[in-house]
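Please read the structure below before turning to the comments.
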Amino acid sequence: MLLLDIDIAFIIEKLILATVILLGSLGVAMYATWGERKVAAVMQDRVGPNRAGPFGLLQPLADGGKLFFKEEIIPEGSTKFLFILGPGLAMLTACMTSAVIPWGPDFVTESGKVISLQVADINIGILFIFGVVSLGVYGVMLGGWASNNKFSLLSSIRAAAQAVSYELAFGIALVALLMMTGSLSMRDIVAQQHGFWADGYFTWNFFKQPLGFLIFLVCAFAELNRAPFDMAECESELNMGYHQEYSSMKLGFYLFAEYINLFISSAVIATLYFGGYNFPFMDAVSDAVGPLLFTLISVLVLLTKVICIILFFMFVRWTLPRFRYDQLMKLGWKSLIPLALVNMLITGIVILYALN
Amino acid sequence: MEKLTNRSVQVDRSPMTFGEKIYLPAIFKGLTITIGHIFKKNVTFKYPEQKRAFSPVFRGLHILNRDEEGRERCTACGLCALACPAEAITMEAAERKPGEEHLYREEKYAAKYEINMLRCIFCGYCEEACPKDAVYLSETLMPTHYSRKTMVYKKEDLLIPNPKNHGNQ
Ligand code: SF4
Ligand code: SF4
């Protein structure tokens, strides 16, 4: 009985961690919706939500409540099972990725017990993220297909084609990174970026892979269906998108899943390119404060980075107009993939000659 | 063509240079503009708490005026109804009986005077047409109603309170 060998305490520890992370990402996603409106408002010299609670801080709750009490409509002729599965799948895949992100350094208790702030340290962490992100396309496809509406179907095909195209460049950009780190485990990748400055060079991958980072970032925009690549929705000029037929909380799930994705992707970017929870002079800080405080600081550092990246996503959304679909495809296939390949080649040459 | 303002710019249709094709400089420029707006003052009026003064030509809800002695000024001439482009005004005239001089200023008065606020476009033509200074557009915002019936304002709704008997008509 292999199962019985697992320490009960271990299971409980992971359960608590998973719950905290899940609730945390839901909370961040909730306030990302509020933040998005505030950012938009500030950029357009407006005030933004300010009625529900101080500074409109209760707005996400009000929105959630509103969505709950809306009428639930399942269109006639839709495949009911898939129609309901779609938003569920979108939500599920959005939440799943958070499992492999190391949210902080290992925390060693007094009794010498090591508590890892990562739900699952699997040695193929990045592959896992990729797999799950690709699954997210099913949520979009199912939603569009099951609603039995040709416009939904068209926009879901559009979204799926975009996601699949950009995944290629996404992957190749990452391959260059992996060639350097030599590991697929998120934990190792973060450990390699320890501190900020080591041996006369920056440790963060952003400084080693600037081009790769750029490609990764652009693809992340496309994967997240965010402006300037929000072809999936195009609420202003094409139709509403794959969730046109959705109402009530099912629509809420779709919209909310996007914000969870935003949070998780920002965490992935921070982890892969901006050193995760590492920060300058962390060793000195670690010596100066206790382990508990140090862990807290590290988690806060990661969260700060994540929030900065989320803000960047929002700034871009309210700055750039949407790409036309052919331009989008051209950018993906004709610019980003060759660029990613070149980046991979350069990385390979550098590793082969400079580092040997 | 003559330019109305000198703000128009000729569209440049020359092919994109390399610098433009990689989009990044343009994106960066756009970001500096939008981020610059963070430090600008917003122009929003927080409405219910903060009200903005009406412009002097604001045209709100109608009133029917009385003269200094509290008599109705309207003589049911129908000029306002004629001027009204939305055909919102209906009236019926009646003759003033002896003994009613304290109620109506002229020998003829409006027994019924209705403005259908669903039709009215608040153009103010009725005010301009009136030879007796009887109908005016006030500074009151048009309220909302739950039924169409109450949107037709009767004479009682429109007449201002009688200054003689302190509001009790
Ligand atoms: S304001 Fe214009 S539309 Fe309204 S009643 Fe007067 S004339 Fe007619
Ligand atoms: S309100 Fe003026 S214009 Fe209209 S009927 Fe009366 S007197 Fe004539």
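Ordered as shown in the structure tokens, chains take letters A, B, and onward, while each chain numbers its residues from 1 and ligands are numbered from 1 in the order shown.
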Check every protein, DNA and RNA residue against ligand 1, keep those with an atom at most 6 Å away (counting only C-alpha atoms and all ligand atoms), and present them as a list in words.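 If we count only C-alpha atoms and all ligand atoms, the neighbours of ligand 1 turn out to be Ala83, Cys84, Pro85, Ala86, Ala88, Ile89, Cys120, Ile121, Phe122, Cys123, Gly124, Tyr125 and Cys126 of chain B.
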Please write out the residues within 6 Å of ligand 2 as a PDB file with all heavy atoms, in the first residue's frame, counting only C-alpha atoms and all ligand atoms.
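In the end it all went to selection18.pdb:
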```
ATOM      1  N   CYS B  74     -52.095  82.887 -18.845  1.00  0.00           N
ATOM      2  CA  CYS B  74     -52.374  82.262 -20.138  1.00  0.00           C
ATOM      3  C   CYS B  74     -53.766  82.633 -20.633  1.00  0.00           C
ATOM      4  O   CYS B  74     -54.733  82.601 -19.884  1.00  0.00           O
ATOM      5  CB  CYS B  74     -52.285  80.755 -20.002  1.00  0.00           C
ATOM      6  SG  CYS B  74     -52.750  79.903 -21.503  1.00  0.00           S
ATOM      7  N   THR B  75     -53.847  82.956 -21.907  1.00  0.00           N
ATOM      8  CA  THR B  75     -55.134  83.326 -22.480  1.00  0.00           C
ATOM      9  C   THR B  75     -55.619  82.324 -23.509  1.00  0.00           C
ATOM     10  O   THR B  75     -56.545  82.581 -24.259  1.00  0.00           O
ATOM     11  CB  THR B  75     -55.052  84.745 -23.078  1.00  0.00           C
ATOM     12  OG1 THR B  75     -56.302  85.094 -23.585  1.00  0.00           O
ATOM     13  CG2 THR B  75     -54.028  84.792 -24.202  1.00  0.00           C
ATOM     14  N   ALA B  76     -54.977  81.175 -23.514  1.00  0.00           N
ATOM     15  CA  ALA B  76     -55.376  80.084 -24.406  1.00  0.00           C
ATOM     16  C   ALA B  76     -55.395  80.519 -25.854  1.00  0.00           C
ATOM     17  O   ALA B  76     -56.313  80.209 -26.600  1.00  0.00           O
ATOM     18  CB  ALA B  76     -56.725  79.493 -23.991  1.00  0.00           C
ATOM     19  N   CYS B  77     -54.383  81.273 -26.260  1.00  0.00           N
ATOM     20  CA  CYS B  77     -54.319  81.707 -27.650  1.00  0.00           C
ATOM     21  C   CYS B  77     -53.857  80.586 -28.566  1.00  0.00           C
ATOM     22  O   CYS B  77     -54.088  80.617 -29.768  1.00  0.00           O
ATOM     23  CB  CYS B  77     -53.397  82.901 -27.780  1.00  0.00           C
ATOM     24  SG  CYS B  77     -51.686  82.486 -27.414  1.00  0.00           S
ATOM     25  N   GLY B  78     -53.169  79.597 -28.006  1.00  0.00           N
ATOM     26  CA  GLY B  78     -52.758  78.454 -28.816  1.00  0.00           C
ATOM     27  C   GLY B  78     -51.469  78.651 -29.578  1.00  0.00           C
ATOM     28  O   GLY B  78     -51.060  77.799 -30.356  1.00  0.00           O
ATOM     29  N   LEU B  79     -50.827  79.793 -29.370  1.00  0.00           N
ATOM     30  CA  LEU B  79     -49.589  80.033 -30.117  1.00  0.00           C
ATOM     31  C   LEU B  79     -48.491  79.060 -29.713  1.00  0.00           C
ATOM     32  O   LEU B  79     -47.692  78.625 -30.541  1.00  0.00           O
ATOM     33  CB  LEU B  79     -49.118  81.469 -29.884  1.00  0.00           C
ATOM     34  CG  LEU B  79     -49.897  82.528 -30.666  1.00  0.00           C
ATOM     35  CD1 LEU B  79     -49.443  83.916 -30.275  1.00  0.00           C
ATOM     36  CD2 LEU B  79     -49.732  82.313 -32.154  1.00  0.00           C
ATOM     37  N   CYS B  80     -48.474  78.690 -28.434  1.00  0.00           N
ATOM     38  CA  CYS B  80     -47.434  77.761 -27.990  1.00  0.00           C
ATOM     39  C   CYS B  80     -47.654  76.403 -28.659  1.00  0.00           C
ATOM     40  O   CYS B  80     -46.701  75.768 -29.124  1.00  0.00           O
ATOM     41  CB  CYS B  80     -47.429  77.632 -26.480  1.00  0.00           C
ATOM     42  SG  CYS B  80     -49.043  77.306 -25.780  1.00  0.00           S
ATOM     43  N   ALA B 129     -42.859  81.641 -28.077  1.00  0.00           N
ATOM     44  CA  ALA B 129     -44.063  82.018 -28.810  1.00  0.00           C
ATOM     45  C   ALA B 129     -45.051  82.779 -27.940  1.00  0.00           C
ATOM     46  O   ALA B 129     -45.839  83.574 -28.446  1.00  0.00           O
ATOM     47  CB  ALA B 129     -44.729  80.769 -29.383  1.00  0.00           C
ATOM     48  N   CYS B 130     -45.026  82.544 -26.667  1.00  0.00           N
ATOM     49  CA  CYS B 130     -46.093  83.037 -25.796  1.00  0.00           C
ATOM     50  C   CYS B 130     -46.112  84.565 -25.735  1.00  0.00           C
ATOM     51  O   CYS B 130     -45.139  85.199 -25.339  1.00  0.00           O
ATOM     52  CB  CYS B 130     -45.926  82.482 -24.397  1.00  0.00           C
ATOM     53  SG  CYS B 130     -47.260  82.973 -23.317  1.00  0.00           S
ATOM     54  N   PRO B 131     -47.242  85.177 -26.109  1.00  0.00           N
ATOM     55  CA  PRO B 131     -47.317  86.642 -26.073  1.00  0.00           C
ATOM     56  C   PRO B 131     -47.630  87.160 -24.681  1.00  0.00           C
ATOM     57  O   PRO B 131     -47.517  88.332 -24.419  1.00  0.00           O
ATOM     58  CB  PRO B 131     -48.456  86.947 -27.046  1.00  0.00           C
ATOM     59  CG  PRO B 131     -49.328  85.750 -26.980  1.00  0.00           C
ATOM     60  CD  PRO B 131     -48.455  84.584 -26.673  1.00  0.00           C
ATOM     61  N   LYS B 132     -48.038  86.273 -23.795  1.00  0.00           N
ATOM     62  CA  LYS B 132     -48.493  86.717 -22.478  1.00  0.00           C
ATOM     63  C   LYS B 132     -47.495  86.383 -21.373  1.00  0.00           C
ATOM     64  O   LYS B 132     -47.839  86.442 -20.199  1.00  0.00           O
ATOM     65  CB  LYS B 132     -49.849  86.041 -22.153  1.00  0.00           C
ATOM     66  CG  LYS B 132     -50.957  86.421 -23.099  1.00  0.00           C
ATOM     67  CD  LYS B 132     -51.406  87.846 -22.823  1.00  0.00           C
ATOM     68  CE  LYS B 132     -52.491  88.255 -23.812  1.00  0.00           C
ATOM     69  NZ  LYS B 132     -52.766  89.695 -23.738  1.00  0.00           N
ATOM     70  N   ALA B 134     -46.649  83.591 -20.330  1.00  0.00           N
ATOM     71  CA  ALA B 134     -47.324  82.645 -19.447  1.00  0.00           C
ATOM     72  C   ALA B 134     -46.532  81.354 -19.273  1.00  0.00           C
ATOM     73  O   ALA B 134     -46.459  80.814 -18.177  1.00  0.00           O
ATOM     74  CB  ALA B 134     -48.704  82.314 -19.997  1.00  0.00           C
ATOM     75  N   VAL B 135     -45.956  80.850 -20.347  1.00  0.00           N
ATOM     76  CA  VAL B 135     -45.270  79.562 -20.204  1.00  0.00           C
ATOM     77  C   VAL B 135     -43.762  79.799 -20.207  1.00  0.00           C
ATOM     78  O   VAL B 135     -43.236  80.597 -20.973  1.00  0.00           O
ATOM     79  CB  VAL B 135     -45.731  78.564 -21.307  1.00  0.00           C
ATOM     80  CG1 VAL B 135     -45.316  79.008 -22.693  1.00  0.00           C
ATOM     81  CG2 VAL B 135     -45.221  77.165 -21.011  1.00  0.00           C
TER      82      VAL B 135
END
```
Kindly determine which residues of chain A lie within 6 Å of chain B, considering only C-alpha atoms, and give the answer as a PDB file with N, CA, C and O atoms, in the first residue's frame.
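Result file follows (out.pdb):
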```pdb
ATOM      1  N   VAL A  42      -8.138  55.887 -14.656  1.00  0.00           N
ATOM      2  CA  VAL A  42      -7.063  56.839 -14.399  1.00  0.00           C
ATOM      3  C   VAL A  42      -6.420  57.276 -15.705  1.00  0.00           C
ATOM      4  O   VAL A  42      -6.112  58.447 -15.913  1.00  0.00           O
ATOM      5  N   MET A  43      -6.270  56.314 -16.619  1.00  0.00           N
ATOM      6  CA  MET A  43      -5.644  56.662 -17.885  1.00  0.00           C
ATOM      7  C   MET A  43      -6.533  57.546 -18.740  1.00  0.00           C
ATOM      8  O   MET A  43      -6.059  58.258 -19.612  1.00  0.00           O
ATOM      9  N   ASP A  45      -8.506  59.839 -17.470  1.00  0.00           N
ATOM     10  CA  ASP A  45      -8.836  60.982 -16.614  1.00  0.00           C
ATOM     11  C   ASP A  45     -10.240  60.875 -16.025  1.00  0.00           C
ATOM     12  O   ASP A  45     -10.961  61.861 -15.929  1.00  0.00           O
ATOM     13  N   ARG A  46     -10.623  59.654 -15.667  1.00  0.00           N
ATOM     14  CA  ARG A  46     -11.928  59.472 -15.024  1.00  0.00           C
ATOM     15  C   ARG A  46     -11.699  59.053 -13.582  1.00  0.00           C
ATOM     16  O   ARG A  46     -10.571  59.047 -13.104  1.00  0.00           O
TER      17      ARG A  46
END
```
Tell me which protein, DNA and RNA residues are within 9 Å of stretch 55-66 of chain B, counting only C-alpha atoms, leaving out same-chain ones fewer than 3 positions away, and put them as a VMD selection string. chain B and resid 69 to 74 104 to 105 115 117 122 to 124 127 133 to 143 155 157 to 163
Store the residues picked out above, limited to N, CA and C atoms, as a tab-separated table (two decimals), in the first residue's frame.
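The resulting selection_15.tsv:
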```tsv
chain	number	residue	atom	x	y	z
B	69	GLU	N	-50.82	89.57	-9.13
B	69	GLU	CA	-51.98	89.38	-8.26
B	69	GLU	C	-52.40	87.93	-8.19
B	70	GLY	N	-51.59	87.08	-8.76
B	70	GLY	CA	-51.89	85.66	-8.63
B	70	GLY	C	-52.86	85.16	-9.68
B	71	ARG	N	-53.08	85.94	-10.75
B	71	ARG	CA	-54.01	85.48	-11.79
B	71	ARG	C	-53.24	84.76	-12.87
B	72	GLU	N	-53.87	83.76	-13.48
B	72	GLU	CA	-53.21	83.03	-14.55
B	72	GLU	C	-52.99	83.93	-15.74
B	73	ARG	N	-51.83	83.86	-16.31
B	73	ARG	CA	-51.52	84.77	-17.42
B	73	ARG	C	-52.02	84.21	-18.75
B	74	CYS	N	-52.10	82.89	-18.84
B	74	CYS	CA	-52.37	82.26	-20.14
B	74	CYS	C	-53.77	82.63	-20.63
B	104	TYR	N	-58.31	84.86	-13.47
B	104	TYR	CA	-57.73	84.88	-14.82
B	104	TYR	C	-57.51	86.30	-15.25
B	105	ARG	N	-56.42	86.58	-15.88
B	105	ARG	CA	-56.06	87.92	-16.24
B	105	ARG	C	-56.85	88.42	-17.45
B	115	ILE	N	-49.31	69.39	-21.20
B	115	ILE	CA	-48.09	69.17	-21.98
B	115	ILE	C	-47.69	67.71	-21.81
B	117	MET	N	-45.10	65.29	-21.66
B	117	MET	CA	-43.65	65.35	-21.48
B	117	MET	C	-42.91	64.23	-22.21
B	122	PHE	N	-38.16	69.79	-25.22
B	122	PHE	CA	-37.55	70.88	-24.44
B	122	PHE	C	-36.79	71.86	-25.34
B	123	CYS	N	-37.47	72.24	-26.43
B	123	CYS	CA	-36.82	73.17	-27.34
B	123	CYS	C	-37.03	74.61	-26.88
B	124	GLY	N	-38.07	74.83	-26.10
B	124	GLY	CA	-38.30	76.18	-25.61
B	124	GLY	C	-39.03	77.08	-26.58
B	127	GLU	N	-42.10	78.81	-25.03
B	127	GLU	CA	-41.74	79.97	-24.23
B	127	GLU	C	-41.57	81.20	-25.12
B	133	ASP	N	-46.31	85.97	-21.73
B	133	ASP	CA	-45.32	85.57	-20.74
B	133	ASP	C	-45.87	84.52	-19.78
B	134	ALA	N	-46.65	83.59	-20.33
B	134	ALA	CA	-47.32	82.65	-19.45
B	134	ALA	C	-46.53	81.35	-19.27
B	135	VAL	N	-45.96	80.85	-20.35
B	135	VAL	CA	-45.27	79.56	-20.20
B	135	VAL	C	-43.76	79.80	-20.21
B	136	TYR	N	-43.11	79.15	-19.26
B	136	TYR	CA	-41.66	79.28	-19.13
B	136	TYR	C	-41.04	77.91	-18.93
B	137	LEU	N	-39.81	77.78	-19.36
B	137	LEU	CA	-39.07	76.55	-19.04
B	137	LEU	C	-38.18	76.85	-17.83
B	138	SER	N	-38.39	76.06	-16.79
B	138	SER	CA	-37.67	76.35	-15.54
B	138	SER	C	-36.32	75.63	-15.51
B	139	GLU	N	-35.68	75.66	-14.37
B	139	GLU	CA	-34.39	74.98	-14.22
B	139	GLU	C	-34.55	73.65	-13.51
B	140	THR	N	-35.77	73.11	-13.51
B	140	THR	CA	-35.98	71.82	-12.86
B	140	THR	C	-35.74	70.71	-13.87
B	141	LEU	N	-35.00	69.71	-13.48
B	141	LEU	CA	-34.78	68.57	-14.37
B	141	LEU	C	-36.06	67.76	-14.48
B	142	MET	N	-36.30	67.23	-15.65
B	142	MET	CA	-37.49	66.40	-15.87
B	142	MET	C	-37.39	65.14	-15.02
B	143	PRO	N	-38.34	64.92	-14.10
B	143	PRO	CA	-38.27	63.68	-13.32
B	143	PRO	C	-38.74	62.48	-14.13
B	155	LYS	N	-52.72	71.15	-16.07
B	155	LYS	CA	-52.53	72.56	-15.71
B	155	LYS	C	-52.15	72.69	-14.24
B	157	ASP	N	-50.41	70.70	-12.54
B	157	ASP	CA	-49.00	70.36	-12.33
B	157	ASP	C	-48.09	71.49	-12.78
B	158	LEU	N	-48.57	72.27	-13.73
B	158	LEU	CA	-47.68	73.24	-14.35
B	158	LEU	C	-47.75	74.61	-13.69
B	159	LEU	N	-48.95	74.95	-13.18
B	159	LEU	CA	-49.13	76.29	-12.63
B	159	LEU	C	-48.24	76.49	-11.41
B	160	ILE	N	-47.64	77.66	-11.33
B	160	ILE	CA	-46.85	77.93	-10.13
B	160	ILE	C	-47.81	78.28	-9.00
B	161	PRO	N	-47.38	78.14	-7.76
B	161	PRO	CA	-48.28	78.46	-6.64
B	161	PRO	C	-48.68	79.91	-6.68
B	162	ASN	N	-49.88	80.15	-6.21
B	162	ASN	CA	-50.39	81.52	-6.19
B	162	ASN	C	-49.65	82.31	-5.10
B	163	PRO	N	-49.03	83.42	-5.48
B	163	PRO	CA	-48.27	84.16	-4.46
B	163	PRO	C	-49.21	84.81	-3.44
```
At a cut-off of 10 Å, using only C-alpha atoms, what residues contact stretch 312-319 of chain A? Leave out same-chain residues fewer than 3 positions from it and give the result as number ranges by chain. A: 32, 35-41, 43-44, 217, 220-221, 224, 226-230, 262, 266, 306-309, 322; B: 27-35
